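The file query_23.pdb contains PDB, C-alpha atoms, pLDDT in the B column:
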ATOM      1  CA  MET A   1     -21.656  -1.835  -6.521  1.00 69.00           C
ATOM      2  CA  ILE A   2     -19.854  -2.142  -3.213  1.00 82.00           C
ATOM      3  CA  THR A   3     -19.340  -5.888  -3.004  1.00 85.00           C
ATOM      4  CA  ASN A   4     -16.991  -8.166  -1.148  1.00 92.00           C
ATOM      5  CA  LEU A   5     -13.915  -8.986  -3.194  1.00 97.00           C
ATOM      6  CA  ASN A   6     -11.179 -11.589  -2.939  1.00 97.00           C
ATOM      7  CA  LEU A   7      -8.840  -8.970  -1.478  1.00 97.00           C
ATOM      8  CA  PRO A   8      -8.141  -7.791   2.054  1.00 96.00           C
ATOM      9  CA  GLU A   9     -10.846  -5.455   3.313  1.00 94.00           C
ATOM     10  CA  PHE A  10      -9.845  -1.798   3.124  1.00 94.00           C
ATOM     11  CA  ARG A  11     -11.614   1.350   4.272  1.00 93.00           C
ATOM     12  CA  ILE A  12     -12.071   3.305   1.087  1.00 94.00           C
ATOM     13  CA  PRO A  13     -13.738   6.724   1.267  1.00 95.00           C
ATOM     14  CA  VAL A  14     -17.104   6.773  -0.506  1.00 96.00           C
ATOM     15  CA  ARG A  15     -19.469   9.716  -0.611  1.00 97.00           C
ATOM     16  CA  SER A  16     -22.853  10.507  -2.073  1.00 96.00           C
ATOM     17  CA  GLN A  17     -23.457  13.567  -4.198  1.00 95.00           C
ATOM     18  CA  GLU A  18     -26.758  14.345  -5.895  1.00 95.00           C
ATOM     19  CA  GLY A  19     -27.878  10.733  -5.457  1.00 95.00           C
ATOM     20  CA  LYS A  20     -24.723   9.254  -6.995  1.00 96.00           C
ATOM     21  CA  LEU A  21     -21.858   7.487  -5.247  1.00 97.00           C
ATOM     22  CA  PHE A  22     -18.234   8.533  -5.621  1.00 97.00           C
ATOM     23  CA  VAL A  23     -15.087   6.795  -4.395  1.00 97.00           C
ATOM     24  CA  PHE A  24     -11.774   8.460  -3.577  1.00 97.00           C
ATOM     25  CA  ASP A  25      -8.925   7.585  -5.939  1.00 97.00           C
ATOM     26  CA  PRO A  26      -5.596   8.090  -4.094  1.00 97.00           C
ATOM     27  CA  VAL A  27      -3.614   8.121  -7.347  1.00 97.00           C
ATOM     28  CA  ARG A  28      -5.713  10.735  -9.153  1.00 96.00           C
ATOM     29  CA  LYS A  29      -6.308  12.434  -5.772  1.00 96.00           C
ATOM     30  CA  LYS A  30     -10.000  13.015  -6.396  1.00 96.00           C
ATOM     31  CA  TYR A  31     -13.398  11.402  -6.058  1.00 97.00           C
ATOM     32  CA  VAL A  32     -14.549   9.485  -9.136  1.00 97.00           C
ATOM     33  CA  ARG A  33     -17.914   7.966 -10.003  1.00 97.00           C
ATOM     34  CA  LEU A  34     -18.364   4.616  -8.295  1.00 97.00           C
ATOM     35  CA  THR A  35     -19.086   1.713 -10.639  1.00 96.00           C
ATOM     36  CA  SER A  36     -18.507  -1.990 -10.071  1.00 97.00           C
ATOM     37  CA  GLU A  37     -15.291  -1.816 -12.112  1.00 97.00           C
ATOM     38  CA  GLU A  38     -14.128   1.306 -10.248  1.00 97.00           C
ATOM     39  CA  TRP A  39     -14.688  -0.520  -6.948  1.00 98.00           C
ATOM     40  CA  VAL A  40     -12.376  -3.301  -8.143  1.00 98.00           C
ATOM     41  CA  ARG A  41      -9.798  -0.795  -9.424  1.00 97.00           C
ATOM     42  CA  GLN A  42      -9.717   1.171  -6.146  1.00 98.00           C
ATOM     43  CA  ASN A  43      -9.494  -1.959  -4.000  1.00 98.00           C
ATOM     44  CA  PHE A  44      -6.712  -3.345  -6.197  1.00 98.00           C
ATOM     45  CA  LEU A  45      -4.814  -0.024  -6.029  1.00 97.00           C
ATOM     46  CA  ILE A  46      -4.967  -0.086  -2.242  1.00 98.00           C
ATOM     47  CA  PHE A  47      -3.958  -3.770  -2.229  1.00 98.00           C
ATOM     48  CA  LEU A  48      -0.909  -3.000  -4.371  1.00 98.00           C
ATOM     49  CA  ASN A  49      -0.005  -0.047  -2.175  1.00 98.00           C
ATOM     50  CA  ARG A  50      -0.599  -1.415   1.330  1.00 98.00           C
ATOM     51  CA  VAL A  51       0.087  -5.118   0.887  1.00 98.00           C
ATOM     52  CA  LYS A  52       2.580  -5.264  -1.982  1.00 98.00           C
ATOM     53  CA  GLU A  53       4.252  -1.901  -1.168  1.00 97.00           C
ATOM     54  CA  TYR A  54       3.737  -0.243  -4.561  1.00 98.00           C
ATOM     55  CA  PRO A  55       4.198   3.537  -4.203  1.00 98.00           C
ATOM     56  CA  LEU A  56       1.075   5.443  -5.224  1.00 98.00           C
ATOM     57  CA  SER A  57       3.338   8.022  -6.855  1.00 97.00           C
ATOM     58  CA  LEU A  58       4.584   5.370  -9.322  1.00 97.00           C
ATOM     59  CA  MET A  59       1.132   4.297 -10.496  1.00 97.00           C
ATOM     60  CA  GLN A  60      -1.089   5.872 -13.124  1.00 95.00           C
ATOM     61  CA  VAL A  61      -4.812   5.207 -13.422  1.00 96.00           C
ATOM     62  CA  GLU A  62      -6.637   5.160 -16.742  1.00 88.00           C
ATOM     63  CA  LYS A  63      -3.486   6.170 -18.596  1.00 76.00           C
ATOM     64  CA  GLU A  64      -4.544   7.106 -22.100  1.00 73.00           C
ATOM     65  CA  PHE A  65      -2.336   6.351 -25.087  1.00 73.00           C
ATOM     66  CA  VAL A  66      -2.673   6.025 -28.837  1.00 70.00           C
ATOM     67  CA  TRP A  67      -1.694   2.843 -30.671  1.00 66.00           C
ATOM     68  CA  ASN A  68      -2.193   2.460 -34.432  1.00 70.00           C
ATOM     69  CA  LYS A  69      -4.406   5.573 -34.379  1.00 74.00           C
ATOM     70  CA  LEU A  70      -6.674   4.015 -31.728  1.00 73.00           C
ATOM     71  CA  SER A  71      -7.136   5.690 -28.365  1.00 74.00           C
ATOM     72  CA  MET A  72      -6.719   3.201 -25.507  1.00 73.00           C
ATOM     73  CA  ARG A  73      -6.692   3.468 -21.737  1.00 85.00           C
ATOM     74  CA  SER A  74      -4.960   1.131 -19.303  1.00 87.00           C
ATOM     75  CA  ASP A  75      -6.608   0.752 -15.891  1.00 94.00           C
ATOM     76  CA  ILE A  76      -3.436   0.759 -13.808  1.00 97.00           C
ATOM     77  CA  LEU A  77       0.096   1.278 -15.098  1.00 96.00           C
ATOM     78  CA  VAL A  78       2.957   0.756 -12.631  1.00 97.00           C
ATOM     79  CA  PHE A  79       6.426   2.233 -13.059  1.00 95.00           C
ATOM     80  CA  SER A  80       9.793   1.433 -11.502  1.00 95.00           C
ATOM     81  CA  ASN A  81      11.784   4.056  -9.599  1.00 92.00           C
ATOM     82  CA  ASP A  82      13.623   4.915 -12.821  1.00 92.00           C
ATOM     83  CA  GLY A  83      10.355   5.644 -14.637  1.00 92.00           C
ATOM     84  CA  LYS A  84      10.131   2.469 -16.719  1.00 94.00           C
ATOM     85  CA  PRO A  85       6.717   0.825 -17.102  1.00 94.00           C
ATOM     86  CA  ARG A  86       6.741  -2.509 -15.243  1.00 96.00           C
ATOM     87  CA  MET A  87       3.148  -3.715 -14.916  1.00 97.00           C
ATOM     88  CA  ILE A  88      -0.234  -3.243 -16.534  1.00 96.00           C
ATOM     89  CA  VAL A  89      -3.340  -4.144 -14.530  1.00 97.00           C
ATOM     90  CA  GLU A  90      -6.667  -4.621 -16.298  1.00 96.00           C
ATOM     91  CA  CYS A  91      -9.681  -4.452 -13.985  1.00 97.00           C
ATOM     92  CA  LYS A  92     -13.154  -5.755 -14.683  1.00 97.00           C
ATOM     93  CA  ALA A  93     -16.328  -5.670 -12.614  1.00 97.00           C
ATOM     94  CA  PRO A  94     -16.905  -8.744 -10.404  1.00 97.00           C
ATOM     95  CA  GLU A  95     -19.742  -9.917 -12.633  1.00 97.00           C
ATOM     96  CA  VAL A  96     -17.481  -9.897 -15.720  1.00 97.00           C
ATOM     97  CA  PRO A  97     -15.713 -13.232 -16.169  1.00 96.00           C
ATOM     98  CA  VAL A  98     -11.985 -13.173 -16.853  1.00 95.00           C
ATOM     99  CA  THR A  99     -11.791 -14.705 -20.316  1.00 94.00           C
ATOM    100  CA  ASP A 100      -9.298 -14.930 -23.156  1.00 91.00           C
ATOM    101  CA  LYS A 101     -10.830 -11.713 -24.508  1.00 93.00           C
ATOM    102  CA  VAL A 102      -9.734  -9.844 -21.371  1.00 92.00           C
ATOM    103  CA  PHE A 103      -6.199 -11.216 -21.735  1.00 91.00           C
ATOM    104  CA  GLU A 104      -6.192 -10.136 -25.389  1.00 90.00           C
ATOM    105  CA  GLN A 105      -7.152  -6.628 -24.267  1.00 88.00           C
ATOM    106  CA  VAL A 106      -4.258  -6.312 -21.824  1.00 91.00           C
ATOM    107  CA  ALA A 107      -1.913  -7.883 -24.405  1.00 89.00           C
ATOM    108  CA  ARG A 108      -2.920  -5.148 -26.899  1.00 86.00           C
ATOM    109  CA  TYR A 109      -2.072  -2.501 -24.307  1.00 87.00           C
ATOM    110  CA  ASN A 110       1.247  -4.209 -23.786  1.00 90.00           C
ATOM    111  CA  LEU A 111       2.183  -3.711 -27.444  1.00 84.00           C
ATOM    112  CA  ARG A 112       2.765  -0.094 -26.425  1.00 84.00           C
ATOM    113  CA  TYR A 113       4.566  -0.652 -23.109  1.00 90.00           C
ATOM    114  CA  ARG A 114       6.252  -4.086 -23.244  1.00 93.00           C
ATOM    115  CA  VAL A 115       6.087  -4.515 -19.480  1.00 95.00           C
ATOM    116  CA  PRO A 116       7.407  -7.600 -17.706  1.00 96.00           C
ATOM    117  CA  PHE A 117       4.162  -8.206 -15.759  1.00 97.00           C
ATOM    118  CA  LEU A 118       0.503  -8.303 -16.813  1.00 97.00           C
ATOM    119  CA  VAL A 119      -2.350  -8.604 -14.316  1.00 97.00           C
ATOM    120  CA  VAL A 120      -6.039  -9.210 -14.950  1.00 97.00           C
ATOM    121  CA  THR A 121      -8.575  -9.069 -12.121  1.00 98.00           C
ATOM    122  CA  ASN A 122     -12.301  -8.851 -11.578  1.00 98.00           C
ATOM    123  CA  GLY A 123     -11.774  -8.546  -7.831  1.00 97.00           C
ATOM    124  CA  LEU A 124     -12.692 -12.177  -7.305  1.00 97.00           C
ATOM    125  CA  VAL A 125      -9.966 -13.845  -9.379  1.00 97.00           C
ATOM    126  CA  HIS A 126      -6.550 -12.377 -10.117  1.00 98.00           C
ATOM    127  CA  TYR A 127      -4.114 -13.594 -12.751  1.00 97.00           C
ATOM    128  CA  CYS A 128      -0.567 -12.377 -13.141  1.00 97.00           C
ATOM    129  CA  CYS A 129       1.845 -13.424 -15.828  1.00 96.00           C
ATOM    130  CA  GLU A 130       5.499 -12.655 -16.330  1.00 96.00           C
ATOM    131  CA  MET A 131       6.568 -12.008 -19.899  1.00 95.00           C
ATOM    132  CA  ASP A 132       9.711 -13.442 -21.459  1.00 93.00           C
ATOM    133  CA  TYR A 133      10.343 -11.380 -24.567  1.00 92.00           C
ATOM    134  CA  ASP A 134      13.541 -13.274 -25.460  1.00 92.00           C
ATOM    135  CA  LEU A 135      11.635 -16.551 -25.791  1.00 93.00           C
ATOM    136  CA  GLY A 136       8.326 -15.004 -26.838  1.00 89.00           C
ATOM    137  CA  THR A 137       6.538 -16.729 -23.945  1.00 92.00           C
ATOM    138  CA  TYR A 138       4.933 -15.983 -20.607  1.00 93.00           C
ATOM    139  CA  ARG A 139       4.279 -17.851 -17.392  1.00 96.00           C
ATOM    140  CA  PHE A 140       1.504 -17.454 -14.854  1.00 96.00           C
ATOM    141  CA  LEU A 141       2.604 -16.632 -11.325  1.00 97.00           C
ATOM    142  CA  GLU A 142       0.946 -17.984  -8.192  1.00 96.00           C
ATOM    143  CA  ASP A 143       0.842 -14.539  -6.587  1.00 96.00           C
ATOM    144  CA  ILE A 144       1.069 -10.867  -7.457  1.00 97.00           C
ATOM    145  CA  PRO A 145       4.738  -9.923  -6.968  1.00 97.00           C
ATOM    146  CA  ASP A 146       5.677  -7.214  -4.500  1.00 96.00           C
ATOM    147  CA  TYR A 147       6.983  -3.875  -5.727  1.00 97.00           C
ATOM    148  CA  LYS A 148      10.635  -4.672  -5.058  1.00 94.00           C
ATOM    149  CA  THR A 149      10.390  -7.729  -7.338  1.00 92.00           C
ATOM    150  CA  ILE A 150       8.913  -5.863 -10.298  1.00 93.00           C
ATOM    151  CA  SER A 151      11.032  -2.749  -9.984  1.00 88.00           C
ATOM    152  CA  GLU A 152      14.488  -4.221  -9.448  1.00 77.00           C
ATOM    153  CA  GLY A 153      14.470  -7.147 -11.832  1.00 67.00           C
ATOM    154  CA  ASP A 154      16.523  -7.166 -15.007  1.00 58.00           C
ATOM    155  CA  PHE A 155      13.677  -7.249 -17.507  1.00 52.00           C
ATOM    156  CA  ILE A 156      13.551  -6.524 -21.192  1.00 45.00           C
ATOM    157  CA  SER A 157      11.191  -3.684 -21.924  1.00 41.00           C
TER     158      SER A 157
END
Can you dump the structure from the file as structure tokens?
Amino acid sequence: MITNLNLPEFRIPVRSQEGKLFVFDPVRKKYVRLTSEEWVRQNFLIFLNRVKEYPLSLMQVEKEFVWNKLSMRSDILVFSNDGKPRMIVECKAPEVPVTDKVFEQVARYNLRYRVPFLVVTNGLVHYCCEMDYDLGTYRFLEDIPDYKTISEGDFIS
């Protein structure tokens, strides 16, 4: 479960309890069961926080919402300082390829939030696209934008 990812290496607290591994989630402020996907999510959270300067207080993890009577849960939802949703991050385990199906999943979540940035990662590859709701298009970015970029832009949401 603890594998090398295509992210900077971070020291993330992991502990064993009754033969199971748990990892500390700094957003939820508790230990959660360690799975391959959770390892990616926690590393990506720390990457956003320490490298891209996203405040932990403006991120939600596994944010549940209902859309068309279906219960859904976004992996990471990032807000601007004024409380507007700005980015959805969908995390997959490293062994799960990032396919069109994964992009369709994050796009469904975005029907609810209409954020300007969508990110999909399996810890090995990371894709970020910027939405243009006026033109009904999107464009892939070469890098994950820093927090200042996503929070201060004049985006339609």
Contacts of A:Glu38 at 10 Å or less, counting all atoms listed in the file, minus same-chain residues fewer than 2 places along, as a count of residues only? 19
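Closest approach to A:Glu62 among A:Arg28, A:Arg11, A:His126, A:Lys148: A:Arg28, based on all atoms listed in the file.
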Between atom CA of A:Leu77 and atom CA of A:Pro145 - distance in Å to one decimal: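 Calculated distance between atom CA of A:Pro145 and atom CA of A:Leu77 is 14.6 Å.
Neighbouring residues of A:Val125 at 9 Å or closer, counting all atoms listed in the file and skipping chain neighbours under 3 positions away, are Leu5, Asn6, Pro94, Pro97, Val98, Val120, Thr121 and Asn122 of chain A.
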Write out, as a PDB file, in the frame of the given file, the residues just selected, with C-alpha atoms.
ATOM      1  CA  LEU A   5     -13.915  -8.986  -3.194  1.00 97.00           C
ATOM      2  CA  ASN A   6     -11.179 -11.589  -2.939  1.00 97.00           C
ATOM      3  CA  PRO A  94     -16.905  -8.744 -10.404  1.00 97.00           C
ATOM      4  CA  PRO A  97     -15.713 -13.232 -16.169  1.00 96.00           C
ATOM      5  CA  VAL A  98     -11.985 -13.173 -16.853  1.00 95.00           C
ATOM      6  CA  VAL A 120      -6.039  -9.210 -14.950  1.00 97.00           C
ATOM      7  CA  THR A 121      -8.575  -9.069 -12.121  1.00 98.00           C
ATOM      8  CA  ASN A 122     -12.301  -8.851 -11.578  1.00 98.00           C
TER       9      ASN A 122
END
If you count all atoms listed in the file, which residues fall within 12 Å of A:Glu53, apart from same-chain ones fewer than 3 positions away, as a list of chain:residue names?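 Here the answer would be A:Leu45, A:Ile46, A:Phe47, A:Leu48, A:Asn49, A:Arg50, A:Leu56, A:Ser57, A:Leu58, A:Met59, A:Val78, A:Ile144, A:Pro145, A:Asp146, A:Tyr147, A:Lys148, A:Thr149, A:Ile150, A:Ser151.
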Would you mind completing stretch 126-153 of chain A to N, CA and C atoms and writing the output as a PDB file, in the frame of the given file?
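Writing the result to rebuild-v9.pdb gives the following:
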ATOM      1  N   HIS A 126      -7.666 -13.217  -9.691  1.00 98.00           N
ATOM      2  CA  HIS A 126      -6.550 -12.377 -10.117  1.00 98.00           C
ATOM      3  C   HIS A 126      -5.541 -13.269 -10.834  1.00 98.00           C
ATOM      4  N   TYR A 127      -5.129 -12.852 -12.000  1.00 97.00           N
ATOM      5  CA  TYR A 127      -4.114 -13.594 -12.751  1.00 97.00           C
ATOM      6  C   TYR A 127      -2.960 -12.655 -13.037  1.00 97.00           C
ATOM      7  N   CYS A 128      -1.760 -13.153 -12.840  1.00 97.00           N
ATOM      8  CA  CYS A 128      -0.567 -12.377 -13.141  1.00 97.00           C
ATOM      9  C   CYS A 128       0.363 -13.244 -13.973  1.00 97.00           C
ATOM     10  N   CYS A 129       0.861 -12.678 -15.056  1.00 96.00           N
ATOM     11  CA  CYS A 129       1.845 -13.424 -15.828  1.00 96.00           C
ATOM     12  C   CYS A 129       3.092 -12.575 -16.041  1.00 96.00           C
ATOM     13  N   GLU A 130       4.202 -13.272 -16.089  1.00 96.00           N
ATOM     14  CA  GLU A 130       5.499 -12.655 -16.330  1.00 96.00           C
ATOM     15  C   GLU A 130       5.886 -12.939 -17.775  1.00 96.00           C
ATOM     16  N   MET A 131       6.229 -11.894 -18.485  1.00 95.00           N
ATOM     17  CA  MET A 131       6.568 -12.008 -19.899  1.00 95.00           C
ATOM     18  C   MET A 131       8.040 -12.358 -20.068  1.00 95.00           C
ATOM     19  N   ASP A 132       8.330 -13.159 -21.067  1.00 93.00           N
ATOM     20  CA  ASP A 132       9.711 -13.442 -21.459  1.00 93.00           C
ATOM     21  C   ASP A 132       9.822 -13.082 -22.938  1.00 93.00           C
ATOM     22  N   TYR A 133      10.287 -11.879 -23.193  1.00 92.00           N
ATOM     23  CA  TYR A 133      10.343 -11.380 -24.567  1.00 92.00           C
ATOM     24  C   TYR A 133      11.426 -12.069 -25.389  1.00 92.00           C
ATOM     25  N   ASP A 134      12.488 -12.550 -24.734  1.00 92.00           N
ATOM     26  CA  ASP A 134      13.541 -13.274 -25.460  1.00 92.00           C
ATOM     27  C   ASP A 134      12.993 -14.556 -26.078  1.00 92.00           C
ATOM     28  N   LEU A 135      12.180 -15.281 -25.308  1.00 93.00           N
ATOM     29  CA  LEU A 135      11.635 -16.551 -25.791  1.00 93.00           C
ATOM     30  C   LEU A 135      10.257 -16.398 -26.439  1.00 93.00           C
ATOM     31  N   GLY A 136       9.668 -15.208 -26.289  1.00 89.00           N
ATOM     32  CA  GLY A 136       8.326 -15.004 -26.838  1.00 89.00           C
ATOM     33  C   GLY A 136       7.272 -15.795 -26.087  1.00 89.00           C
ATOM     34  N   THR A 137       7.470 -15.948 -24.766  1.00 92.00           N
ATOM     35  CA  THR A 137       6.538 -16.729 -23.945  1.00 92.00           C
ATOM     36  C   THR A 137       6.155 -15.936 -22.699  1.00 92.00           C
ATOM     37  N   TYR A 138       5.316 -16.539 -21.902  1.00 93.00           N
ATOM     38  CA  TYR A 138       4.933 -15.983 -20.607  1.00 93.00           C
ATOM     39  C   TYR A 138       4.646 -17.140 -19.672  1.00 93.00           C
ATOM     40  N   ARG A 139       4.646 -16.830 -18.373  1.00 96.00           N
ATOM     41  CA  ARG A 139       4.279 -17.851 -17.392  1.00 96.00           C
ATOM     42  C   ARG A 139       3.409 -17.202 -16.331  1.00 96.00           C
ATOM     43  N   PHE A 140       2.385 -17.944 -15.907  1.00 96.00           N
ATOM     44  CA  PHE A 140       1.504 -17.454 -14.854  1.00 96.00           C
ATOM     45  C   PHE A 140       2.181 -17.616 -13.507  1.00 96.00           C
ATOM     46  N   LEU A 141       2.045 -16.610 -12.672  1.00 97.00           N
ATOM     47  CA  LEU A 141       2.604 -16.632 -11.325  1.00 97.00           C
ATOM     48  C   LEU A 141       1.517 -17.012 -10.327  1.00 97.00           C
ATOM     49  N   GLU A 142       1.912 -17.591  -9.217  1.00 96.00           N
ATOM     50  CA  GLU A 142       0.946 -17.984  -8.192  1.00 96.00           C
ATOM     51  C   GLU A 142       0.445 -16.789  -7.400  1.00 96.00           C
ATOM     52  N   ASP A 143       1.201 -15.697  -7.394  1.00 96.00           N
ATOM     53  CA  ASP A 143       0.842 -14.539  -6.587  1.00 96.00           C
ATOM     54  C   ASP A 143       1.252 -13.269  -7.326  1.00 96.00           C
ATOM     55  N   ILE A 144       0.670 -12.167  -6.930  1.00 97.00           N
ATOM     56  CA  ILE A 144       1.069 -10.867  -7.457  1.00 97.00           C
ATOM     57  C   ILE A 144       2.406 -10.523  -6.796  1.00 97.00           C
ATOM     58  N   PRO A 145       3.437 -10.221  -7.582  1.00 97.00           N
ATOM     59  CA  PRO A 145       4.738  -9.923  -6.968  1.00 97.00           C
ATOM     60  C   PRO A 145       4.715  -8.595  -6.210  1.00 97.00           C
ATOM     61  N   ASP A 146       5.589  -8.474  -5.216  1.00 96.00           N
ATOM     62  CA  ASP A 146       5.677  -7.214  -4.500  1.00 96.00           C
ATOM     63  C   ASP A 146       6.429  -6.195  -5.358  1.00 96.00           C
ATOM     64  N   TYR A 147       6.405  -4.946  -4.913  1.00 97.00           N
ATOM     65  CA  TYR A 147       6.983  -3.875  -5.727  1.00 97.00           C
ATOM     66  C   TYR A 147       8.482  -4.068  -5.947  1.00 97.00           C
ATOM     67  N   LYS A 148       9.184  -4.490  -4.923  1.00 94.00           N
ATOM     68  CA  LYS A 148      10.635  -4.672  -5.058  1.00 94.00           C
ATOM     69  C   LYS A 148      10.946  -5.654  -6.191  1.00 94.00           C
ATOM     70  N   THR A 149      10.171  -6.725  -6.292  1.00 92.00           N
ATOM     71  CA  THR A 149      10.390  -7.729  -7.338  1.00 92.00           C
ATOM     72  C   THR A 149      10.214  -7.146  -8.730  1.00 92.00           C
ATOM     73  N   ILE A 150       9.159  -6.365  -8.937  1.00 93.00           N
ATOM     74  CA  ILE A 150       8.913  -5.863 -10.298  1.00 93.00           C
ATOM     75  C   ILE A 150       9.787  -4.680 -10.665  1.00 93.00           C
ATOM     76  N   SER A 151      10.281  -3.967  -9.666  1.00 88.00           N
ATOM     77  CA  SER A 151      11.032  -2.749  -9.984  1.00 88.00           C
ATOM     78  C   SER A 151      12.541  -2.973 -10.086  1.00 88.00           C
ATOM     79  N   GLU A 152      13.041  -4.036  -9.474  1.00 77.00           N
ATOM     80  CA  GLU A 152      14.488  -4.221  -9.448  1.00 77.00           C
ATOM     81  C   GLU A 152      14.984  -5.331 -10.347  1.00 77.00           C
ATOM     82  N   GLY A 153      14.058  -6.053 -10.966  1.00 67.00           N
ATOM     83  CA  GLY A 153      14.470  -7.147 -11.832  1.00 67.00           C
ATOM     84  C   GLY A 153      15.107  -6.641 -13.107  1.00 67.00           C
TER      85      GLY A 153
END
